[in-house]
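Enquirer: As input, take entry.txt (compact mmCIF, C-alpha atoms and all ligand atoms):
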# COMPACT_ATOMS: atom_id res chain seq x y z
CA MET T 21 5.08 9.28 18.50
CA ILE T 22 2.46 11.85 17.48
CA LYS T 23 3.80 14.68 19.66
CA GLY T 24 5.55 17.33 17.56
CA LYS T 25 4.67 15.67 14.25
CA ASN T 26 3.25 17.60 11.27
CA ILE T 27 0.05 15.85 10.28
CA VAL T 28 -1.83 16.92 7.16
CA LEU T 29 -5.50 15.97 7.32
CA GLY T 30 -7.41 15.83 4.04
CA ILE T 31 -11.21 16.01 4.39
CA THR T 32 -13.55 15.16 1.50
CA GLY T 33 -17.26 15.48 0.83
CA SER T 34 -18.82 12.83 3.03
CA ILE T 35 -21.38 13.13 5.80
CA ALA T 36 -18.66 11.63 8.01
CA ALA T 37 -16.67 14.90 7.62
CA TYR T 38 -18.08 16.03 10.97
CA LYS T 39 -16.11 13.19 12.63
CA SER T 40 -12.90 14.78 11.34
CA ALA T 41 -13.37 17.52 13.95
CA ASP T 42 -12.96 14.87 16.66
CA ILE T 43 -9.93 13.37 14.85
CA THR T 44 -8.36 16.86 14.63
CA SER T 45 -9.08 17.56 18.27
CA GLN T 46 -7.55 14.24 19.41
CA LEU T 47 -4.41 14.80 17.31
CA VAL T 48 -3.96 18.34 18.65
CA LYS T 49 -4.38 17.03 22.23
CA LEU T 50 -1.63 14.47 21.49
CA GLY T 51 0.69 17.34 20.52
CA ALA T 52 0.54 17.13 16.72
CA ASN T 53 0.65 20.18 14.47
CA VAL T 54 -2.37 19.60 12.22
CA THR T 55 -2.93 21.30 8.87
CA VAL T 56 -6.34 20.69 7.34
CA ILE T 57 -7.06 20.59 3.63
CA MET T 58 -10.73 20.47 2.63
CA THR T 59 -12.21 19.78 -0.76
CA LYS T 60 -14.94 22.18 -1.88
CA SER T 61 -17.61 19.54 -1.24
CA ALA T 62 -16.26 18.90 2.26
CA THR T 63 -16.93 22.55 3.13
CA ARG T 64 -20.62 21.89 2.38
CA PHE T 65 -20.74 19.35 5.21
CA ILE T 66 -18.72 21.27 7.82
CA SER T 67 -17.24 24.74 8.04
CA PRO T 68 -13.45 25.31 7.69
CA LEU T 69 -13.78 27.62 10.71
CA THR T 70 -14.44 24.57 12.90
CA PHE T 71 -11.01 23.16 12.07
CA GLN T 72 -9.25 26.52 12.13
CA THR T 73 -10.53 26.94 15.71
CA ILE T 74 -9.35 23.47 16.76
CA CYS T 75 -5.91 23.29 15.10
CA LYS T 76 -5.04 27.02 15.06
CA ASN T 77 -3.74 26.68 11.48
CA LYS T 78 -5.20 28.17 8.32
CA VAL T 79 -7.50 25.64 6.63
CA ILE T 80 -6.66 25.22 2.95
CA THR T 81 -9.58 24.81 0.61
CA ASP T 82 -8.27 25.97 -2.73
CA ILE T 83 -4.95 25.77 -4.55
CA PHE T 84 -5.37 29.25 -5.97
CA GLU T 85 -5.76 31.15 -2.70
CA ALA T 86 -2.97 33.69 -2.32
CA PRO T 87 -0.15 31.72 -0.64
CA SER T 88 0.76 33.04 2.80
CA SER T 89 4.36 33.24 1.64
CA PHE T 90 6.19 32.95 -1.65
CA ASP T 91 7.16 29.29 -1.22
CA VAL T 92 4.63 27.30 -3.22
CA GLU T 93 2.32 26.10 -0.48
CA HIS T 94 1.59 22.53 -1.55
CA ILE T 95 5.32 21.86 -2.04
CA SER T 96 6.43 23.37 1.26
CA LEU T 97 3.60 21.62 3.09
CA ALA T 98 4.58 18.32 1.41
CA ASP T 99 8.18 18.81 2.53
CA LYS T 100 7.27 19.20 6.21
CA SER T 101 4.46 16.63 6.40
CA ASP T 102 5.19 13.55 8.52
CA ILE T 103 1.98 11.80 7.50
CA PHE T 104 -0.94 12.59 5.21
CA LEU T 105 -4.29 11.31 6.53
CA ILE T 106 -7.38 11.46 4.32
CA ALA T 107 -10.44 10.95 6.53
CA PRO T 108 -13.11 10.60 5.36
CA ALA T 109 -11.99 9.54 1.88
CA THR T 110 -14.69 9.33 -0.77
CA ALA T 111 -14.64 7.03 -3.79
CA ASN T 112 -14.09 10.16 -5.85
CA ILE T 113 -10.90 11.26 -4.11
CA ILE T 114 -9.49 7.72 -4.12
CA GLY T 115 -10.11 7.51 -7.86
CA LYS T 116 -8.64 10.93 -8.59
CA ILE T 117 -5.45 10.30 -6.60
CA ALA T 118 -5.06 6.83 -8.14
CA CYS T 119 -5.23 8.46 -11.58
CA GLY T 120 -2.82 11.28 -10.68
CA ILE T 121 -5.48 13.96 -11.10
CA ALA T 122 -4.44 17.23 -9.42
CA ASP T 123 -7.32 19.66 -9.90
CA ASP T 124 -7.61 21.03 -6.38
CA PHE T 125 -5.30 21.57 -3.41
CA LEU T 126 -5.92 18.17 -1.84
CA THR T 127 -5.20 16.13 -4.97
CA THR T 128 -2.24 18.39 -5.86
CA PHE T 129 -0.84 17.85 -2.39
CA ALA T 130 -1.28 14.08 -2.78
CA VAL T 131 0.85 14.14 -5.93
CA ALA T 132 3.57 16.21 -4.22
CA CYS T 133 3.46 14.36 -0.91
CA LYS T 134 6.49 12.27 0.07
CA SER T 135 5.33 11.22 3.52
CA PRO T 136 3.34 8.05 4.30
CA ILE T 137 -0.33 8.30 3.28
CA LEU T 138 -3.14 6.82 5.40
CA ILE T 139 -6.56 6.70 3.75
CA ALA T 140 -9.84 6.04 5.57
CA PRO T 141 -12.51 5.21 2.93
CA THR T 142 -16.11 6.08 3.82
CA MET T 143 -19.04 5.35 1.53
CA ASN T 144 -22.00 3.11 0.81
CA GLU T 145 -21.09 -0.60 0.88
CA ARG T 146 -21.97 -1.11 -2.80
CA MET T 147 -19.63 1.72 -3.76
CA TYR T 148 -16.90 0.37 -1.51
CA LEU T 149 -17.11 -3.08 -3.06
CA ASN T 150 -17.15 -1.66 -6.59
CA PRO T 151 -14.35 -3.43 -8.54
CA ILE T 152 -12.96 -0.20 -9.99
CA LEU T 153 -12.73 1.37 -6.54
CA GLN T 154 -11.03 -1.76 -5.23
CA GLU T 155 -8.62 -1.59 -8.19
CA ASN T 156 -7.85 2.05 -7.31
CA ILE T 157 -7.17 1.05 -3.69
CA LYS T 158 -4.85 -1.75 -4.87
CA LYS T 159 -3.06 0.70 -7.18
CA LEU T 160 -2.52 3.23 -4.37
CA LYS T 161 -1.18 0.47 -2.10
CA GLU T 162 1.28 -0.69 -4.73
CA ILE T 163 2.40 2.59 -6.28
CA TYR T 164 2.15 5.03 -3.38
CA GLY T 165 2.62 2.42 -0.66
CA ALA T 166 -0.57 3.95 0.76
CA HIS T 167 -1.94 2.54 4.00
CA PHE T 168 -5.68 1.98 4.23
CA ILE T 169 -7.87 1.70 7.30
CA GLU T 170 -10.90 -0.40 6.51
CA PRO T 171 -14.36 1.16 6.94
CA GLU T 172 -16.58 -0.38 9.59
CA LYS T 173 -19.94 -2.15 9.40
CA GLY T 174 -22.98 -0.32 10.67
CA ARG T 175 -25.84 2.01 9.75
CA LEU T 176 -24.87 4.18 6.76
CA ALA T 177 -26.03 7.67 5.84
CA CYS T 178 -28.21 6.23 3.10
CA GLY T 179 -30.14 4.29 5.75
CA GLU T 180 -28.74 0.92 4.70
CA LYS T 181 -26.65 -1.26 7.04
CA GLY T 182 -23.28 -2.48 5.81
CA LEU T 183 -19.59 -1.87 5.36
CA GLY T 184 -18.72 1.74 4.83
CA ARG T 185 -18.71 3.72 8.07
CA LEU T 186 -15.57 5.77 8.79
CA ALA T 187 -13.23 3.79 11.05
CA SER T 188 -13.36 4.84 14.70
CA VAL T 189 -11.19 7.76 15.84
CA ASP T 190 -9.26 5.42 18.14
CA LYS T 191 -8.45 3.07 15.26
CA ILE T 192 -7.32 5.99 13.08
CA ILE T 193 -5.09 7.40 15.83
CA ALA T 194 -3.62 3.92 16.47
CA ALA T 195 -2.89 3.51 12.75
CA ILE T 196 -1.12 6.90 12.69
CA GLU T 197 0.95 5.91 15.75
CA ASP T 198 1.93 2.63 14.08
CA ILE T 199 2.97 4.29 10.83
CA LEU T 200 4.89 7.11 12.56
CA SER T 201 6.62 4.73 14.96
CA SER T 202 7.78 2.54 12.07
CA SER T 203 8.86 5.52 9.97
CA ASP T 204 11.94 5.89 12.18
CA ILE T 205 12.85 2.32 13.01
CA LEU T 206 15.50 2.10 10.29
CA ARG T 207 16.64 5.74 10.38
CA GLY T 208 20.42 5.90 10.09
CA LYS T 209 20.63 2.46 8.48
CA LYS T 210 21.85 1.90 4.92
CA ILE T 211 20.13 -1.00 3.16
CA LEU T 212 21.09 -2.72 -0.10
CA VAL T 213 18.25 -4.50 -1.90
CA THR T 214 18.61 -6.62 -5.03
CA ALA T 215 15.64 -7.24 -7.30
CA GLY T 216 14.57 -8.77 -10.56
CA GLY T 217 15.81 -11.64 -12.71
CA THR T 218 19.26 -11.46 -14.30
CA CYS T 219 19.60 -11.95 -18.07
CA GLU T 220 22.52 -14.08 -19.26
CA PRO T 221 23.28 -13.35 -22.96
CA ILE T 222 23.61 -16.15 -25.53
CA ASP T 223 24.09 -13.79 -28.49
CA PRO T 224 23.17 -10.13 -29.18
CA ILE T 225 19.44 -10.85 -29.09
CA ARG T 226 18.97 -14.02 -27.06
CA TYR T 227 19.49 -14.60 -23.34
CA ILE T 228 18.71 -16.98 -20.51
CA GLY T 229 16.33 -15.31 -18.06
CA ASN T 230 13.73 -16.17 -15.42
CA ARG T 231 10.24 -15.11 -14.38
CA SER T 232 11.18 -12.62 -11.66
CA SER T 233 9.35 -9.29 -12.14
CA GLY T 234 11.29 -7.38 -9.46
CA LYS T 235 8.10 -6.56 -7.53
CA MET T 236 9.29 -8.14 -4.28
CA GLY T 237 12.62 -6.32 -4.28
CA TYR T 238 11.04 -3.00 -5.27
CA ALA T 239 8.44 -3.36 -2.51
CA LEU T 240 11.24 -4.00 -0.01
CA SER T 241 13.14 -0.90 -1.13
CA VAL T 242 10.01 1.31 -0.84
CA ALA T 243 9.14 -0.10 2.60
CA ALA T 244 12.73 0.30 3.82
CA LYS T 245 12.73 3.94 2.69
CA GLU T 246 9.41 4.49 4.50
CA PHE T 247 11.03 3.07 7.63
CA GLY T 248 13.65 5.82 7.37
CA ALA T 249 16.50 3.81 5.84
CA GLU T 250 18.82 5.03 3.10
CA VAL T 251 18.27 2.49 0.30
CA ILE T 252 20.39 1.33 -2.62
CA LEU T 253 18.44 -0.81 -5.08
CA ILE T 254 20.38 -2.97 -7.53
CA SER T 255 17.90 -4.06 -10.17
CA ALA T 256 18.05 -6.61 -12.93
CA PRO T 257 15.81 -5.81 -15.92
CA THR T 258 12.15 -5.29 -14.93
CA GLN T 259 9.05 -3.51 -16.29
CA LEU T 260 8.82 -1.46 -13.09
CA GLU T 261 9.29 2.30 -12.60
CA SER T 262 12.25 3.22 -10.39
CA PRO T 263 10.88 3.90 -6.91
CA PRO T 264 11.02 7.67 -6.26
CA GLY T 265 13.85 8.86 -4.02
CA ILE T 266 15.73 5.54 -4.13
CA LYS T 267 19.20 5.23 -5.69
CA THR T 268 18.70 2.52 -8.31
CA ILE T 269 21.57 0.81 -10.11
CA PHE T 270 20.56 -1.18 -13.20
CA VAL T 271 22.38 -4.35 -14.18
CA GLU T 272 21.69 -7.19 -16.60
CA THR T 273 23.84 -10.20 -15.77
CA ALA T 274 24.70 -12.07 -12.58
CA ALA T 275 28.30 -10.94 -13.03
CA GLN T 276 27.29 -7.27 -13.20
CA MET T 277 24.99 -7.71 -10.16
CA ARG T 278 27.87 -9.30 -8.23
CA GLU T 279 30.17 -6.40 -9.15
CA GLU T 280 27.68 -3.75 -8.00
CA VAL T 281 26.78 -5.65 -4.81
CA LEU T 282 30.44 -6.06 -3.83
CA LYS T 283 31.02 -2.35 -4.57
CA ALA T 284 28.16 -1.26 -2.28
CA PHE T 285 28.63 -3.91 0.42
CA PRO T 286 31.29 -2.11 2.53
CA GLU T 287 29.02 0.94 3.04
CA VAL T 288 25.75 -0.79 3.97
CA ASP T 289 24.40 -2.24 7.23
CA ILE T 290 21.84 -4.63 5.77
CA VAL T 291 21.58 -6.62 2.51
CA ILE T 292 18.26 -8.06 1.32
CA SER T 293 18.75 -10.26 -1.69
CA ALA T 294 15.39 -10.68 -3.43
CA ALA T 295 16.84 -10.93 -6.94
CA ALA T 296 16.56 -14.14 -8.93
CA VAL T 297 20.23 -14.44 -9.84
CA ALA T 298 21.10 -16.91 -12.60
CA ASP T 299 23.08 -19.84 -11.25
CA PHE T 300 24.53 -20.51 -14.71
CA SER T 301 25.56 -18.42 -17.75
CA PRO T 302 26.49 -19.43 -21.30
CA GLN T 303 30.19 -20.37 -21.47
CA LYS T 304 30.52 -18.43 -24.72
CA VAL T 305 28.53 -15.36 -25.81
CA SER T 306 28.34 -15.09 -29.59
CA THR T 307 29.01 -11.63 -31.01
CA GLN T 308 26.81 -12.49 -33.99
CA LYS T 309 23.24 -13.80 -34.02
CA ILE T 310 23.51 -17.60 -33.95
CA LYS T 311 22.13 -18.93 -37.22
CA LYS T 312 19.84 -21.93 -37.47
CA THR T 313 21.61 -25.00 -38.90
CA THR T 314 20.30 -28.14 -40.54
CA LYS T 315 21.07 -30.07 -37.33
CA ASP T 316 18.06 -30.95 -35.12
CA SER T 317 19.75 -30.05 -31.86
CA PHE T 318 22.02 -27.36 -30.47
CA THR T 319 24.26 -27.61 -27.40
CA LEU T 320 24.71 -24.62 -25.13
CA LYS T 321 27.51 -25.08 -22.56
CA LEU T 322 26.89 -23.22 -19.28
CA ASN T 323 29.28 -22.10 -16.54
CA LYS T 324 28.31 -21.89 -12.88
CA ASN T 325 27.99 -18.32 -11.54
CA PRO T 326 29.41 -17.25 -8.18
CA ASP T 327 26.82 -17.32 -5.37
CA ILE T 328 26.80 -13.62 -4.47
CA LEU T 329 24.96 -14.02 -1.17
CA ALA T 330 27.17 -16.89 -0.03
CA GLU T 331 30.19 -14.72 -0.84
CA LEU T 332 28.78 -11.95 1.38
CA GLY T 333 28.06 -14.52 4.08
CA ARG T 334 31.75 -15.37 4.24
CA LYS T 335 32.64 -11.78 5.14
CA LYS T 336 29.45 -10.50 6.78
CA GLY T 337 30.97 -9.24 10.04
CA ASN T 338 28.13 -7.56 11.96
CA LYS T 339 26.09 -6.76 8.86
CA ILE T 340 22.61 -8.29 8.54
CA LEU T 341 22.01 -10.58 5.56
CA VAL T 342 18.53 -11.55 4.35
CA GLY T 343 18.06 -14.03 1.53
CA PHE T 344 15.13 -15.61 -0.27
CA ALA T 345 14.69 -19.27 -1.08
CA ALA T 346 12.64 -20.04 -4.18
CA GLU T 347 11.80 -23.73 -4.06
CA SER T 348 9.55 -26.14 -5.91
CA GLU T 349 9.68 -28.83 -3.20
CA ASN T 350 10.78 -29.34 0.43
CA LEU T 351 10.42 -25.60 0.92
CA ILE T 352 11.29 -25.22 4.60
CA PRO T 353 14.14 -27.77 4.80
CA ASN T 354 15.74 -26.31 1.66
CA ALA T 355 15.33 -22.76 2.95
CA LYS T 356 16.86 -23.68 6.34
CA LYS T 357 19.77 -25.27 4.49
CA LYS T 358 20.41 -22.04 2.54
CA LEU T 359 20.03 -19.96 5.72
CA LYS T 360 22.87 -21.94 7.26
CA GLU T 361 25.07 -22.45 4.20
CA LYS T 362 25.05 -18.76 3.27
CA ASN T 363 25.45 -17.61 6.90
CA LEU T 364 22.27 -15.51 6.76
CA ASP T 365 20.29 -13.86 9.56
CA LEU T 366 16.91 -14.36 7.90
CA ILE T 367 15.67 -16.31 4.92
CA VAL T 368 12.31 -15.79 3.24
CA ALA T 369 11.01 -19.07 1.88
CA ASN T 370 8.59 -18.96 -1.04
CA ASP T 371 7.26 -21.64 -3.30
CA ILE T 372 8.03 -20.81 -6.94
CA LYS T 373 4.32 -21.15 -7.73
CA THR T 374 3.28 -18.26 -5.46
CA GLY T 375 5.88 -15.54 -5.81
CA PHE T 376 7.20 -15.00 -9.32
CA GLY T 377 5.61 -12.09 -11.15
CA LYS T 378 2.58 -11.67 -8.93
CA ASP T 379 1.45 -8.68 -6.81
CA THR T 380 0.91 -10.96 -3.84
CA THR T 381 2.95 -13.75 -2.33
CA GLN T 382 2.89 -16.27 0.50
CA VAL T 383 6.16 -16.60 2.42
CA THR T 384 7.61 -18.11 5.57
CA ILE T 385 10.19 -16.00 7.36
CA ILE T 386 12.87 -18.10 9.08
CA ALA T 387 15.43 -16.56 11.44
CA LYS T 388 18.81 -18.06 12.31
CA ASP T 389 17.68 -18.32 15.96
CA GLY T 390 14.97 -20.73 14.83
CA ARG T 391 12.00 -18.33 14.75
CA CYS T 392 9.74 -19.38 11.90
CA GLU T 393 6.71 -17.32 10.88
CA GLU T 394 4.40 -18.48 8.09
CA LEU T 395 2.52 -15.49 6.64
CA PRO T 396 -0.83 -15.65 4.84
CA LEU T 397 -1.13 -14.57 1.20
CA LEU T 398 -0.39 -10.82 1.32
CA SER T 399 0.57 -7.99 -1.04
CA LYS T 400 4.31 -7.84 -1.59
CA LYS T 401 4.30 -4.43 0.12
CA GLU T 402 2.77 -5.99 3.24
CA VAL T 403 5.25 -8.88 3.08
CA ALA T 404 8.08 -6.36 2.76
CA VAL T 405 6.87 -4.54 5.90
CA ARG T 406 6.68 -7.83 7.81
CA ILE T 407 10.21 -8.82 6.71
CA LEU T 408 11.62 -5.46 7.83
CA LYS T 409 9.83 -5.66 11.19
CA GLU T 410 11.17 -9.21 11.64
CA LEU T 411 14.65 -8.00 10.69
CA ILE T 412 14.56 -5.36 13.42
CA GLY T 413 14.13 -8.19 15.85
CA VAL T 414 17.30 -9.84 14.57
O1 LIG C 501 10.60 -10.59 -8.49
P1 LIG C 501 9.21 -11.11 -8.20
O2 LIG C 501 8.43 -11.41 -9.43
O3 LIG C 501 8.48 -10.24 -7.23
O4 LIG C 501 9.37 -12.56 -7.50
C1 LIG C 501 9.98 -12.59 -6.23
C2 LIG C 501 10.97 -13.78 -6.16
C3 LIG C 501 10.16 -15.06 -6.29
C4 LIG C 501 12.00 -13.68 -7.24
C5 LIG C 501 11.63 -13.68 -4.77
O5 LIG C 501 10.63 -13.84 -3.77
C6 LIG C 501 12.67 -14.77 -4.62
O6 LIG C 501 12.39 -15.88 -4.27
N1 LIG C 501 13.93 -14.36 -4.92
C7 LIG C 501 15.07 -15.29 -4.86
C8 LIG C 501 15.07 -16.14 -6.09
C9 LIG C 501 16.29 -17.02 -6.08
O7 LIG C 501 17.25 -16.84 -6.79
O8 LIG C 501 16.17 -17.93 -5.07
P2 LIG C 501 17.36 -19.05 -4.86
O9 LIG C 501 16.80 -19.98 -3.83
O10 LIG C 501 17.81 -19.61 -6.17
O11 LIG C 501 18.57 -18.17 -4.27
C10 LIG C 501 18.77 -18.10 -2.86
C11 LIG C 501 19.32 -16.73 -2.49
O12 LIG C 501 20.64 -16.57 -3.01
C12 LIG C 501 18.50 -15.57 -3.02
O13 LIG C 501 18.47 -14.57 -2.02
C13 LIG C 501 19.30 -15.09 -4.22
O14 LIG C 501 19.14 -13.69 -4.42
C14 LIG C 501 20.71 -15.44 -3.86
N2 LIG C 501 21.58 -15.82 -4.97
C15 LIG C 501 21.23 -16.85 -5.79
C16 LIG C 501 22.07 -17.21 -6.81
C17 LIG C 501 23.30 -16.52 -6.99
N3 LIG C 501 24.14 -16.85 -7.97
N4 LIG C 501 23.63 -15.51 -6.15
C18 LIG C 501 22.78 -15.16 -5.14
O15 LIG C 501 23.07 -14.24 -4.39
Would you give me this structure, written as structure tokens?
Expert:
Amino acid sequence: MIKGKNIVLGITGSIAAYKSADITSQLVKLGANVTVIMTKSATRFISPLTFQTICKNKVITDIFEAPSSFDVEHISLADKSDIFLIAPATANIIGKIACGIADDFLTTFAVACKSPILIAPTMNERMYLNPILQENIKKLKEIYGAHFIEPEKGRLACGEKGLGRLASVDKIIAAIEDILSSSDILRGKKILVTAGGTCEPIDPIRYIGNRSSGKMGYALSVAAKEFGAEVILISAPTQLESPPGIKTIFVETAAQMREEVLKAFPEVDIVISAAAVADFSPQKVSTQKIKKTTKDSFTLKLNKNPDILAELGRKKGNKILVGFAAESENLIPNAKKKLKEKNLDLIVANDIKTGFGKDTTQVTIIAKDGRCEELPLLSKKEVAVRILKELIGV
């Protein structure tokens, strides 16, 4: 998978920078076209000439060098990059990218980069375990969908032993292969993802809602795009930013979600329904704010909403349908029941205590052929990747 790929290698100011020469050499031997970007401090550990000799491309060390052509270099490089590897990655560069700082070529490229990013942290164990650094790593995983390759235990430059050595070249190459191989597995496929919790109005200011944050659905849409799919995201109200490069349609109510799903359904290959769709809506929506009365109680009549996913299941043809089951008890039996009743290919079972609103979740993926895989507590991005990989097996 590496042959013919454009790999951008970012090198930062760590003693491990010398190992990047071996990484570059291995990638070139595997047929990659490697472009190296070095921070100023990296050039104090190893000369740019070393990399220029190995990869036969100009090494970029400063955003303000005269561009070789009139296309703005960091944008054109970002357009052709298939993967952006930062190895070694210091605490400083991780923090700067997590905060959107773009004060040199490498951080500017990171902001412009649209390809998958693989980061190999390298530092003293105490720095690596620093809570702010760990928060920056979490942020990059969630916002950029960045992949990280854990540092290894061993003797560190400072003489201490511990976690913090740059991962081995073999592990880094294997991680690149894995990312590149998965970046094409859904190419040519059109995927519809629903996300968030619908809001069913009672009057102009009140509604019936639920605790869905949309994070699971948004993670699925980002992962699907990374796997090469064309993604349509239909989102109920959330606090989340629209994922870059993904067509997002905003709805409020279950009825509006149904309308948009049915509109998109004929043109997609796969539907993943992660939205928490209201099963009931107020029978009557008041045009005026409902005033308090002297009575101690108030009756709100509700109507049942159509089950969107079940409706798709009745006309699925050869499309792939993936649903979620949010249960408070009898998780697996209830999920299997929904898998069958809605004529799904996969259902993702999650207990309502673990999934709603959180950055992580614990799910069990159940396929219609009986395969059942219980995952550990993972980030929703990692769960999304596992669901998509499972779906390819469908
Ligand atoms: O959004 P987050 O905060 O990240 O939380 C994620 C989640 C917990 C919302 C998600 O993991 C999840 O469980 N989503 C489905 C919630 C839900 O409505 O589950 P359900 O068991 O009630 O519905 C079963 C399936 O039918 C779901 O795929 C749902 O999208 C779909 N459905 C439900 C009702 C309805 N009227 N139409 C539907 O299509």
Enquirer: Which residues of chain T have any atom within 7 Å of an atom in ligand LIG 501 (chain C) when counting all atoms listed in the file, and what is the closest pair of atoms for each, with the distance in Å to one decimal? Order the rows by chain and rising number and write it as a tab-separated table.
Expert:
residue	atom	partner	partner_atom	distance
T:Ala215	CA	C:LIG501	O1	6.2
T:Gly216	CA	C:LIG501	O1	4.8
T:Gly217	CA	C:LIG501	O1	6.8
T:Arg231	CA	C:LIG501	O2	6.4
T:Ser232	CA	C:LIG501	O2	3.7
T:Ser233	CA	C:LIG501	O2	3.6
T:Gly234	CA	C:LIG501	O1	3.4
T:Lys235	CA	C:LIG501	O3	3.7
T:Met236	CA	C:LIG501	O3	3.7
T:Gly237	CA	C:LIG501	O1	6.3
T:Ala274	CA	C:LIG501	N3	6.7
T:Ser293	CA	C:LIG501	O13	4.3
T:Ala294	CA	C:LIG501	N1	4.2
T:Ala295	CA	C:LIG501	O14	4.4
T:Ala296	CA	C:LIG501	O7	3.5
T:Val297	CA	C:LIG501	C16	4.5
T:Ala298	CA	C:LIG501	N3	5.5
T:Asp299	CA	C:LIG501	N3	4.6
T:Asn325	CA	C:LIG501	N3	5.5
T:Pro326	CA	C:LIG501	N3	5.3
T:Asp327	CA	C:LIG501	N4	3.7
T:Ile328	CA	C:LIG501	O15	3.8
T:Leu329	CA	C:LIG501	O15	3.7
T:Ala330	CA	C:LIG501	O15	6.5
T:Gly343	CA	C:LIG501	O13	3.6
T:Phe344	CA	C:LIG501	O13	3.9
T:Ala345	CA	C:LIG501	O9	3.5
T:Ala346	CA	C:LIG501	O6	4.2
T:Glu347	CA	C:LIG501	O9	6.3
T:Lys358	CA	C:LIG501	C10	6.9
T:Asn370	CA	C:LIG501	O6	5.9
T:Ile372	CA	C:LIG501	C3	6.2
T:Gly375	CA	C:LIG501	C3	4.3
T:Phe376	CA	C:LIG501	O4	3.7
T:Gly377	CA	C:LIG501	O2	3.4
T:Lys378	CA	C:LIG501	O2	5.9
Enquirer: Using all atoms listed in the file for the distances, tell me which of T:Lys78, T:Lys388, T:Lys181, T:Arg278 is nearest to Lys360 (chain T).
Expert: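 Distance minimum relative to Lys360 (chain T) lands on T:Lys388.
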Enquirer: Give me the region 194-309 of chain T side of the contact with region 183-190 of chain T, cut-off 10 Å, one line per residue showing its nearest atom pair and distance in Å at one decimal, counting only C-alpha atoms, sorted by chain and residue number, as CSV.
Expert:
residue,atom,partner,partner_atom,distance
T:Ala194,CA,T:Asp190,CA,6.1
T:Ala195,CA,T:Asp190,CA,8.6
T:Ile196,CA,T:Asp190,CA,9.9
Enquirer: Do a neighbour search on Val281 (chain T) at 9 Å with only C-alpha atoms, toss out local chain neighbours closer than 6 positions, and write the hits as a list in words.
Expert: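 Near neighbours after the sequence-gap exclusion: Leu212, Thr214, Ile254 and Ile328 of chain T.
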Enquirer: Grab the residues selected above and save them as a PDB file, keeping the file's coordinate frame with C-alpha atoms.
Expert:
ATOM      1  CA  LEU T 212      21.090  -2.720  -0.100  1.00  0.00           C
ATOM      2  CA  THR T 214      18.610  -6.620  -5.030  1.00  0.00           C
ATOM      3  CA  ILE T 254      20.380  -2.970  -7.530  1.00  0.00           C
ATOM      4  CA  ILE T 328      26.800 -13.620  -4.470  1.00  0.00           C
TER       5      ILE T 328
END
Enquirer: Determine the nearest neighbour of Gly165 (chain T) from the options T:Phe247, T:Phe125, T:Tyr227, T:Tyr148, counting all atoms listed in the file.
Expert: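 The shortest atom-to-atom distance to Gly165 (chain T) comes from T:Phe247.
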Enquirer: Ranking T:Ile80, T:Ala256, T:Val28, T:Val305 by minimum distance to Thr218 (chain T) and counting only C-alpha atoms, which one comes first?
Expert: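 Among T:Ile80, T:Ala256, T:Val28, T:Val305, it is T:Ala256 that comes nearest to Thr218 (chain T).
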Enquirer: State, in Å with one decimal place, the distance from CA of Glu349 (chain T) to CA of Leu398 (chain T).
Expert: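 These atoms are spaced 21.1 Å apart.
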Enquirer: I'd like the interatomic distance between CA of His167 (chain T) and CA of Ile386 (chain T), to a tenth of an Å.
Expert: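 That distance, rounded to one decimal, is 25.9 Å.
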Enquirer: Between CA of Arg334 (chain T) and CA of Lys356 (chain T), measure the distance and give it in Å to one decimal.
Expert: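 The value is 17.2 Å.
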Enquirer: Which residue, T:Ile169, T:Phe270, T:Ala36, T:Lys245, has the smallest gap to Lys191 (chain T) when you use all atoms listed in the file?
Expert: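 Checking each candidate against Lys191 (chain T), we get T:Ile169 as the closest.
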Enquirer: Which one is closest to Ile57 (chain T): T:Ile103, T:Leu97, T:Leu126, T:Ile121? Count all atoms listed in the file.
Expert: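 Of T:Ile103, T:Leu97, T:Leu126, T:Ile121, the one nearest Ile57 (chain T) is T:Leu126, counting all atoms listed in the file.
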Enquirer: Need the neighbours of (-12.5, 4.8, 4.8): which residues are at most 8 Å away, counting all atoms listed in the file, as a PDB file with C-alpha atoms, keeping the file's coordinate frame?
Expert:
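Dumped everything to out04.pdb:
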ATOM      1  CA  ALA T 107     -10.440  10.950   6.530  1.00  0.00           C
ATOM      2  CA  PRO T 108     -13.110  10.600   5.360  1.00  0.00           C
ATOM      3  CA  ALA T 109     -11.990   9.540   1.880  1.00  0.00           C
ATOM      4  CA  THR T 110     -14.690   9.330  -0.770  1.00  0.00           C
ATOM      5  CA  ILE T 139      -6.560   6.700   3.750  1.00  0.00           C
ATOM      6  CA  ALA T 140      -9.840   6.040   5.570  1.00  0.00           C
ATOM      7  CA  PRO T 141     -12.510   5.210   2.930  1.00  0.00           C
ATOM      8  CA  THR T 142     -16.110   6.080   3.820  1.00  0.00           C
ATOM      9  CA  MET T 143     -19.040   5.350   1.530  1.00  0.00           C
ATOM     10  CA  PHE T 168      -5.680   1.980   4.230  1.00  0.00           C
ATOM     11  CA  ILE T 169      -7.870   1.700   7.300  1.00  0.00           C
ATOM     12  CA  GLU T 170     -10.900  -0.400   6.510  1.00  0.00           C
ATOM     13  CA  PRO T 171     -14.360   1.160   6.940  1.00  0.00           C
ATOM     14  CA  GLY T 184     -18.720   1.740   4.830  1.00  0.00           C
ATOM     15  CA  ARG T 185     -18.710   3.720   8.070  1.00  0.00           C
ATOM     16  CA  LEU T 186     -15.570   5.770   8.790  1.00  0.00           C
ATOM     17  CA  ALA T 187     -13.230   3.790  11.050  1.00  0.00           C
TER      18      ALA T 187
END
